[in-house]
>>> print(open('upload.cif').read())   # mmCIF, C-alpha atoms
data_run
loop_
_atom_site.label_atom_id
_atom_site.label_comp_id
_atom_site.auth_asym_id
_atom_site.auth_seq_id
_atom_site.Cartn_x
_atom_site.Cartn_y
_atom_site.Cartn_z
CA MET A 17 0.00 0.00 0.00
CA SER A 18 1.06 3.60 -0.52
CA GLY A 19 2.88 4.87 2.56
CA GLY A 20 0.47 6.45 4.98
CA ASP A 21 -2.69 5.92 2.94
CA ARG A 22 -5.32 3.71 4.54
CA VAL A 23 -8.18 1.75 3.02
CA GLY A 24 -11.03 0.35 5.06
CA LEU A 25 -14.71 -0.32 5.36
CA ALA A 26 -17.82 1.21 6.79
CA TRP A 27 -18.79 -0.96 9.75
CA ARG A 28 -22.11 -2.73 9.41
CA ASP A 29 -23.25 -5.30 11.97
CA GLU A 30 -24.03 -7.70 9.12
CA LEU A 31 -20.32 -7.68 8.24
CA ALA A 32 -18.95 -7.83 11.79
CA ALA A 33 -17.81 -11.44 11.87
CA GLN A 34 -16.01 -11.18 8.54
CA ILE A 35 -14.45 -7.86 9.51
CA PHE A 36 -12.96 -9.42 12.64
CA LEU A 37 -11.70 -12.38 10.64
CA HIS A 38 -9.98 -10.06 8.15
CA LEU A 39 -8.76 -7.21 10.35
CA ASP A 40 -5.27 -7.68 8.91
CA SER A 41 -6.58 -6.64 5.50
CA ILE A 42 -8.49 -3.59 6.72
CA ASP A 43 -6.75 -0.36 7.70
CA HIS A 44 -9.71 1.63 8.98
CA LEU A 45 -13.31 1.25 10.11
CA GLU A 46 -16.08 3.84 10.04
CA ILE A 47 -18.97 3.65 12.49
CA ILE A 48 -22.32 5.39 11.95
CA VAL A 49 -22.92 7.79 14.86
CA GLU A 50 -26.71 7.48 14.92
CA ARG A 51 -26.58 3.68 15.25
CA GLU A 52 -24.52 3.99 18.43
CA MET A 53 -26.43 6.79 20.15
CA SER A 54 -28.41 4.32 22.23
CA ALA A 55 -25.72 1.68 22.43
CA SER A 56 -25.19 -0.20 25.67
CA HIS A 57 -22.14 0.46 27.83
CA ARG A 58 -20.83 -2.95 26.83
CA ARG A 59 -21.12 -2.17 23.12
CA LEU A 60 -19.44 1.21 23.58
CA ASP A 61 -16.63 -0.50 25.49
CA ALA A 62 -16.29 -2.91 22.56
CA LEU A 63 -16.06 0.02 20.14
CA ARG A 64 -13.42 1.62 22.35
CA ASP A 65 -11.45 -1.65 22.33
CA LEU A 66 -11.83 -1.82 18.56
CA ALA A 67 -10.52 1.75 18.25
CA CYS A 68 -7.40 0.60 20.10
CA GLN A 69 -6.83 -2.14 17.53
CA ILE A 70 -7.58 -0.29 14.30
CA PRO A 71 -8.08 3.38 13.36
CA LEU A 72 -11.75 4.10 13.64
CA SER A 73 -13.90 7.09 12.71
CA LEU A 74 -17.43 8.09 13.66
CA HIS A 75 -19.69 9.21 10.84
CA GLY A 76 -22.83 11.29 11.42
CA VAL A 77 -25.80 11.58 9.10
CA SER A 78 -28.36 13.73 10.88
CA LEU A 79 -26.88 17.00 12.15
CA GLY A 80 -27.95 19.11 9.17
CA LEU A 81 -24.92 21.37 9.29
CA ALA A 82 -25.35 23.13 5.94
CA SER A 83 -28.52 24.92 6.86
CA SER A 84 -29.92 28.16 8.20
CA VAL A 85 -31.47 25.97 10.91
CA ASN A 86 -29.41 25.82 14.10
CA VAL A 87 -27.92 22.45 14.89
CA SER A 88 -29.43 20.90 18.01
CA ASP A 89 -27.32 21.20 21.15
CA ALA A 90 -28.84 17.98 22.45
CA ARG A 91 -27.59 16.09 19.37
CA LEU A 92 -24.17 17.69 19.70
CA GLU A 93 -23.91 16.77 23.36
CA ARG A 94 -24.72 13.13 22.51
CA ILE A 95 -22.03 13.16 19.82
CA ALA A 96 -19.58 14.73 22.24
CA ARG A 97 -20.25 11.91 24.74
CA LEU A 98 -19.82 9.28 22.02
CA VAL A 99 -16.55 10.82 20.80
CA GLU A 100 -15.28 11.01 24.37
CA ARG A 101 -16.22 7.40 25.01
CA VAL A 102 -14.97 5.80 21.78
CA GLN A 103 -11.92 8.04 21.18
CA PRO A 104 -12.03 7.76 17.38
CA ASP A 105 -9.27 8.80 15.03
CA HIS A 106 -11.65 11.49 13.74
CA TRP A 107 -15.33 12.07 13.06
CA SER A 108 -17.27 13.26 10.05
CA GLU A 109 -20.63 14.67 8.97
CA HIS A 110 -22.36 15.77 5.78
CA LEU A 111 -22.67 19.23 4.32
CA SER A 112 -26.42 18.87 4.05
CA PHE A 113 -29.72 20.05 5.43
CA VAL A 114 -32.08 17.45 6.83
CA ARG A 115 -34.85 19.47 8.48
CA ALA A 116 -36.59 22.83 8.24
CA GLY A 117 -39.85 24.32 9.47
CA GLY A 118 -40.38 21.36 11.79
CA ILE A 119 -40.17 18.85 8.92
CA GLU A 120 -37.66 16.00 9.07
CA ILE A 121 -36.71 15.09 5.50
CA GLY A 122 -35.31 11.74 6.59
CA HIS A 123 -32.53 12.07 4.09
CA LEU A 124 -29.60 14.28 3.17
CA ALA A 125 -30.57 17.23 0.96
CA ALA A 126 -28.86 20.32 -0.39
CA ALA A 127 -29.95 23.76 0.76
CA PRO A 128 -29.30 26.72 -1.58
CA TYR A 129 -25.62 27.32 -2.27
CA ALA A 130 -25.99 30.89 -1.08
CA PRO A 131 -24.97 33.27 1.73
CA PRO A 132 -27.76 32.30 4.21
CA THR A 133 -26.72 28.63 4.06
CA LEU A 134 -23.04 29.52 4.30
CA ALA A 135 -23.68 31.73 7.33
CA GLY A 136 -25.75 28.97 8.94
CA ALA A 137 -23.09 26.34 8.22
CA LEU A 138 -20.30 28.45 9.71
CA ARG A 139 -22.43 29.25 12.77
CA ASN A 140 -23.29 25.57 13.20
CA LEU A 141 -19.68 24.49 12.85
CA GLU A 142 -18.60 27.01 15.44
CA ARG A 143 -21.16 25.53 17.82
CA VAL A 144 -19.95 22.02 16.97
CA ARG A 145 -16.40 23.05 17.81
CA GLU A 146 -17.56 24.44 21.16
CA VAL A 147 -19.59 21.41 22.19
CA VAL A 148 -17.75 18.44 20.66
CA GLY A 149 -14.29 19.94 20.83
CA ALA A 150 -13.26 18.92 17.32
CA LEU A 151 -14.71 19.71 13.93
CA PRO A 152 -15.95 16.86 11.77
CA GLN A 153 -14.52 16.19 8.37
CA LEU A 154 -17.21 17.51 6.03
CA GLU A 155 -18.66 15.37 3.26
CA ASN A 156 -20.14 16.42 -0.07
CA ILE A 157 -23.56 14.89 -0.79
CA ALA A 158 -25.35 13.54 -3.84
CA THR A 159 -28.20 15.73 -5.00
CA LEU A 160 -30.70 15.27 -7.82
CA LEU A 161 -31.67 18.91 -7.94
CA THR A 162 -29.56 22.04 -7.99
CA PRO A 163 -31.08 23.86 -5.02
CA PRO A 164 -33.15 26.86 -6.16
CA GLY A 165 -31.86 30.13 -4.81
CA SER A 166 -28.22 29.13 -5.35
CA CYS A 167 -25.75 31.78 -6.42
CA TRP A 168 -22.67 29.53 -6.26
CA THR A 169 -21.81 26.13 -7.64
CA GLU A 170 -21.65 23.23 -5.22
CA SER A 171 -17.83 23.36 -5.36
CA GLU A 172 -17.76 27.09 -4.61
CA PHE A 173 -20.07 26.53 -1.67
CA ILE A 174 -17.94 23.68 -0.31
CA CYS A 175 -14.76 25.77 -0.67
CA ARG A 176 -16.33 28.67 1.23
CA VAL A 177 -17.52 26.45 4.09
CA LEU A 178 -14.30 24.49 4.47
CA ARG A 179 -12.06 27.54 4.28
CA GLY A 180 -14.38 29.61 6.48
CA ALA A 181 -14.45 26.96 9.20
CA ASP A 182 -10.90 25.70 8.59
CA ALA A 183 -12.28 22.19 8.27
CA ALA A 184 -11.06 19.05 6.53
CA MET A 185 -13.04 17.32 3.81
CA LEU A 186 -14.38 13.82 3.45
CA LEU A 187 -14.67 13.58 -0.31
CA ASP A 188 -17.34 11.13 -1.47
CA LEU A 189 -16.23 10.23 -4.97
CA HIS A 190 -19.45 8.48 -5.94
CA ASN A 191 -21.48 11.52 -4.89
CA LEU A 192 -19.16 13.64 -6.99
CA TYR A 193 -19.55 11.21 -9.90
CA ALA A 194 -23.35 11.05 -9.59
CA ASN A 195 -23.73 14.84 -9.42
CA ALA A 196 -21.44 15.27 -12.43
CA CYS A 197 -23.38 12.68 -14.44
CA ASN A 198 -26.77 14.13 -13.50
CA SER A 199 -25.77 17.70 -14.27
CA ASP A 200 -23.77 16.83 -17.41
CA GLY A 201 -20.72 18.29 -15.67
CA ASP A 202 -17.08 17.60 -16.44
CA LEU A 203 -16.11 15.05 -13.79
CA PHE A 204 -12.41 15.83 -13.52
CA ALA A 205 -12.93 19.59 -13.81
CA ILE A 206 -15.32 19.37 -10.85
CA LEU A 207 -12.72 17.37 -8.92
CA ASP A 208 -10.18 20.13 -9.61
CA SER A 209 -12.61 22.81 -8.43
CA LEU A 210 -12.83 21.32 -4.94
CA PRO A 211 -10.48 22.29 -2.08
CA LEU A 212 -8.37 19.16 -2.59
CA GLU A 213 -5.70 20.36 -0.16
CA ARG A 214 -8.29 19.81 2.58
CA VAL A 215 -9.29 16.26 1.64
CA ALA A 216 -8.39 13.90 4.46
CA SER A 217 -10.77 11.02 3.80
CA VAL A 218 -12.59 9.51 0.83
CA HIS A 219 -15.79 7.51 0.45
CA LEU A 220 -16.23 4.99 -2.34
CA SER A 221 -19.63 3.48 -3.06
CA GLY A 222 -21.95 2.62 -5.91
CA GLY A 223 -25.34 3.35 -7.34
CA HIS A 224 -27.73 2.56 -10.15
CA TRP A 225 -29.19 4.31 -13.16
CA GLU A 226 -32.89 5.03 -13.18
CA ASP A 227 -35.19 6.49 -15.85
CA GLY A 228 -37.08 9.61 -14.88
CA PRO A 229 -40.57 10.78 -15.90
CA ASP A 230 -38.93 12.86 -18.62
CA GLY A 231 -37.26 9.77 -20.09
CA ARG A 232 -33.86 10.93 -18.85
CA SER A 233 -31.65 8.52 -16.91
CA ARG A 234 -30.13 9.67 -13.65
CA LEU A 235 -27.53 8.03 -11.43
CA ILE A 236 -28.77 7.34 -7.90
CA ASP A 237 -26.21 6.94 -5.12
CA ASP A 238 -27.52 3.91 -3.21
CA HIS A 239 -24.60 2.16 -1.46
CA ILE A 240 -25.95 -1.23 -2.54
CA HIS A 241 -23.89 -1.59 -5.70
CA ASP A 242 -20.16 -1.87 -6.29
CA PRO A 243 -18.12 1.29 -6.91
CA PRO A 244 -17.96 1.80 -10.69
CA PRO A 245 -14.62 2.00 -12.55
CA ARG A 246 -14.81 5.81 -12.88
CA VAL A 247 -14.79 6.16 -9.10
CA TYR A 248 -11.49 4.29 -8.90
CA LYS A 249 -10.18 6.53 -11.69
CA LEU A 250 -11.15 9.55 -9.58
CA LEU A 251 -9.32 8.06 -6.60
CA GLU A 252 -6.22 7.54 -8.70
CA ALA A 253 -6.45 11.14 -9.94
CA LEU A 254 -6.85 12.40 -6.38
CA ALA A 255 -3.82 10.42 -5.18
CA PHE A 256 -1.86 11.98 -8.03
CA LYS A 257 -2.99 15.52 -7.24
CA VAL A 258 -2.56 15.71 -3.46
CA PRO A 259 0.47 15.02 -1.24
CA GLN A 260 -1.38 14.29 1.99
CA HIS A 261 -2.19 10.79 3.21
CA LEU A 262 -5.76 9.68 2.55
CA THR A 263 -8.12 7.43 4.47
CA VAL A 264 -10.38 5.65 1.99
CA ILE A 265 -13.58 3.97 3.17
CA ILE A 266 -15.77 1.68 1.10
CA GLU A 267 -19.44 2.12 1.99
CA ARG A 268 -21.93 -0.68 1.54
CA ASP A 269 -25.41 -0.56 3.06
CA GLY A 270 -27.07 -3.67 1.71
CA ARG A 271 -27.15 -6.45 -0.89
CA TYR A 272 -23.83 -7.46 0.62
CA PRO A 273 -21.62 -9.46 -1.70
CA ASP A 274 -19.28 -12.20 -0.49
CA PHE A 275 -16.75 -10.63 1.82
CA ALA A 276 -14.06 -11.65 -0.67
CA ALA A 277 -15.61 -9.16 -3.11
CA LEU A 278 -15.35 -6.36 -0.52
CA LEU A 279 -11.72 -7.31 0.12
CA GLU A 280 -11.19 -7.15 -3.63
CA GLN A 281 -12.64 -3.62 -3.65
CA ILE A 282 -10.23 -2.67 -0.86
CA ALA A 283 -7.38 -4.08 -2.93
CA ARG A 284 -8.57 -2.20 -6.01
CA ALA A 285 -8.69 1.04 -4.04
CA ARG A 286 -5.14 0.40 -2.81
CA GLY A 287 -4.11 -0.19 -6.41
CA ALA A 288 -5.67 3.10 -7.52
CA LEU A 289 -3.92 4.96 -4.71
CA ALA A 290 -0.59 3.31 -5.49
CA SER A 291 -0.93 4.13 -9.17
CA GLY A 292 -1.71 7.79 -8.46
CA ARG A 293 1.14 8.07 -5.94
CA THR A 294 3.61 6.50 -8.37
CA ARG A 295 2.60 8.92 -11.13
CA ARG A 296 3.00 11.77 -8.65
CA ARG A 297 6.52 10.68 -7.66
CA VAL A 298 7.53 10.28 -11.31
CA THR A 299 6.23 13.77 -12.11
CA GLU A 300 8.07 15.24 -9.12
CA LEU A 301 11.31 13.52 -10.19
CA GLN A 302 10.90 14.81 -13.73
CA GLN A 303 10.44 18.33 -12.40
CA VAL A 304 13.62 18.05 -10.32
CA ALA A 305 15.69 16.57 -13.21
CA MET B 129 -31.70 32.86 13.56
CA ILE B 130 -34.44 32.78 10.90
CA THR B 131 -34.91 29.65 8.82
CA ASN B 132 -34.50 30.33 5.13
CA PRO B 133 -38.03 29.90 3.67
CA MET B 134 -36.47 28.16 0.67
CA GLU B 135 -35.34 25.37 2.99
CA ILE B 136 -38.87 25.08 4.35
CA LEU B 137 -40.25 24.81 0.83
CA LEU B 138 -37.68 22.20 -0.17
CA ALA B 139 -38.26 20.19 3.01
CA ARG B 140 -42.00 20.09 2.29
CA LEU B 141 -41.40 18.97 -1.28
CA PHE B 142 -38.79 16.37 -0.41
CA VAL B 143 -40.99 14.51 2.07
CA SER B 144 -43.88 13.84 -0.27
CA PRO B 145 -44.41 13.38 -4.02
CA ASN B 146 -48.00 14.53 -3.38
CA GLU B 147 -46.66 17.85 -2.09
CA VAL B 148 -44.64 18.14 -5.29
CA GLU B 149 -47.82 17.83 -7.35
CA ARG B 150 -49.57 20.44 -5.20
CA PHE B 151 -46.60 22.74 -5.68
CA LEU B 152 -46.50 22.22 -9.43
CA GLN B 153 -50.19 23.09 -9.73
CA ASP B 154 -49.66 26.55 -8.21
CA ARG B 155 -45.99 27.31 -7.58
CA GLU B 156 -46.46 30.95 -6.68
CA ASN B 157 -49.04 30.51 -3.94
CA TYR B 158 -47.30 27.43 -2.58
CA ALA B 159 -44.06 29.42 -2.32
CA LYS B 160 -45.80 32.35 -0.66
CA ASP B 161 -47.35 29.92 1.82
CA CYS B 162 -43.81 28.81 2.75
CA GLY B 163 -42.83 32.42 3.39
CA LEU B 164 -40.81 33.12 0.28
CA ALA B 165 -40.42 36.74 -0.72
CA ALA B 166 -41.46 37.97 -4.14
CA ALA B 167 -37.80 38.27 -5.13
CA GLN B 168 -37.36 34.50 -4.63
CA LEU B 169 -40.31 33.52 -6.82
CA THR B 170 -38.29 33.64 -10.03
CA GLU B 171 -36.14 30.80 -8.69
CA ILE B 172 -39.23 28.79 -7.86
CA LEU B 173 -40.68 29.16 -11.33
CA GLN B 174 -37.43 27.81 -12.80
CA ILE B 175 -37.36 24.52 -10.88
CA ASP B 176 -37.39 21.67 -13.38
CA ALA B 177 -40.58 19.68 -12.71
CA ALA B 178 -39.18 16.34 -13.89
CA SER B 179 -36.07 16.63 -11.72
CA LEU B 180 -38.19 17.62 -8.73
CA ARG B 181 -40.58 14.68 -9.19
CA PHE B 182 -37.62 12.36 -9.61
CA ALA B 183 -35.89 13.68 -6.49
CA ALA B 184 -39.01 13.42 -4.31
CA ARG B 185 -39.66 9.85 -5.42
CA SER B 186 -36.03 8.91 -4.88
CA TYR B 187 -36.07 10.35 -1.35
CA GLU B 188 -39.28 8.47 -0.61
CA ARG B 189 -37.78 5.16 -1.72
CA LYS B 190 -34.61 5.75 0.28
CA ARG B 191 -36.64 6.55 3.39
CA HIS B 192 -38.61 3.33 2.98
CA ARG B 193 -35.42 1.36 2.49
CA SER B 194 -33.77 2.70 5.61
CA SER B 195 -36.87 2.48 7.83
#
>>> encode(input="upload.cif", output="structure tokens")
Amino acid sequence: MSGGDRVGLAWRDELAAQIFLHLDSIDHLEIIVEREMSASHRRLDALRDLACQIPLSLHGVSLGLASSVNVSDARLERIARLVERVQPDHWSEHLSFVRAGGIEIGHLAAAPYAPPTLAGALRNLERVREVVGALPQLENIATLLTPPGSCWTESEFICRVLRGADAAMLLDLHNLYANACNSDGDLFAILDSLPLERVASVHLSGGHWEDGPDGRSRLIDDHIHDPPPRVYKLLEALAFKVPQHLTVIIERDGRYPDFAALLEQIARARGALASGRTRRRVTELQQVA
Amino acid sequence: MITNPMEILLARLFVSPNEVERFLQDRENYAKDCGLAAAQLTEILQIDAASLRFAARSYERKRHRSS
């Protein structure tokens, strides 16, 4: 593997036995925050023990940071307790809005890429820093609709939030791929427009194509299919472009394949990283020569 | 802190394909009901109906899958 880069899996209870059997082949595990909020003391102790054996991150899905709606202090305090208890390597959340006007969307959605959302996100992140003590790595989301009322692109919005809060990024390459496909955007130009110097972690997942009522096909990010080849190409490009070490996590939420297939995906991600790193070293040597 | 009315409108649309149809029948009044100012109505009139229907249905399926 490339020195310092790590490749691992999103923890799912369905995969637990196989994960333990193959810990030597997994560099990192990611635990969903909301699934552990009501965990027993014994389970939290087990997670803490696991964090001593392998780098582990906590991943939240329900804070709604990128919103004019204030993040709930009660949620933050629960996350703070979980972080304190498990002692993860880091934690992460989405740049999304999930509720407004008393309505819970039940999913990650994009609020307008505009000053009110930016102001809300920066205010929320400041509160997160105060209560939890550490900022989460911030993840880009998949969206099927450019939010009305936007005056920036998604990349411009992400740059403003990350730089404004001085936060690191969890770059979901399948979300990037899906948004580029669905908006007819230039995939690699969009990658270049992101604050790549802030990317610390990467998500790889898959999705499926679906026909819409207008006869147009759109790519849905669903985490129940294998990462497509273009996602590995993006990972290779990222490893070429940035010098920092990356933690890569493969996300799978259902229709689990044989564990051997997941290990193969880990190996493929390592291969993409190694290929990008090698190209980077060659380019650097050529520049010196 | 005041919630951006656009977020309220989007939240209403994203939780129900039926709400999307109500919205598409009378965008202007639906938007006003969510508290949007007149200056924001132009944005509302430009929302692509097919993409909105697709998004609402996709969210609904994902909610069912994760529940």
>>> atom_distance(input="upload.cif", atom1="atom CA of A:Gly231", atom2="atom CA of A:Gly122")
26.8 Å
>>> atom_distance(input="upload.cif", atom1="atom CA of A:Leu74", atom2="atom CA of A:Ser56")
16.5 Å
>>> resolve_selection(input="upload.cif", expression="the PyMOL selection byres ((chain A) within 9 of (chain B))", output="number ranges by chain")
A: 83-86, 113-128, 132-133, 136, 159-166, 227-230, 234, 236, 238
>>> resolve_selection(input="upload.cif", expression="the PyMOL selection byres ((chain A and resi 141) around 10)", output="list in words")
Leu81, Ala82, Asn86, Val87, Ala135, Gly136, Ala137, Leu138, Arg139, Asn140, Glu142, Arg143, Val144, Arg145, Glu146, Val147, Ala150, Leu151, Pro152, Val177, Leu178, Gly180, Ala181, Asp182 and Ala183 of chain A
>>> atom_distance(input="upload.cif", atom1="atom CA of A:Val23", atom2="atom CA of A:Ala276")
15.1 Å
>>> resolve_selection(input="upload.cif", expression="the PyMOL selection byres ((chain A and resi 34) around 12)", output="number ranges by chain")
A: 25, 27-33, 35-42, 272-279
>>> residues_around(input="upload.cif", residues="A:Ile240", least_positions_apart="5", cutoff="7 Å", atoms="all atoms listed in the file", output="list in words")
Gly222, Gly223, Arg268, Asp269, Gly270 and Arg271 of chain A
>>> closest_residue(input="upload.cif", among="A:Thr299, A:Val264, A:Val148, A:Arg101", to="A:Ala62", atoms="all atoms listed in the file")
A:Arg101
>>> closest_residue(input="upload.cif", among="A:Met185, A:Leu98, A:Ala253, A:Val49", to="A:His75", atoms="all atoms listed in the file")
A:Val49
>>> closest_residue(input="upload.cif", among="A:Glu100, A:Asp188, A:Asp208, A:Asp202", to="A:Glu267", atoms="only C-alpha atoms")
A:Asp188
>>> axis_aligned_box(input="upload.cif", around="stretch 141-156 of chain B", padding_each_side="5 Å", output="lines of an AutoDock Vina configuration file")
center_x = -44.5
center_y = 22.2
center_z = -3.8
size_x = 21.4
size_y = 27.6
size_z = 21.8
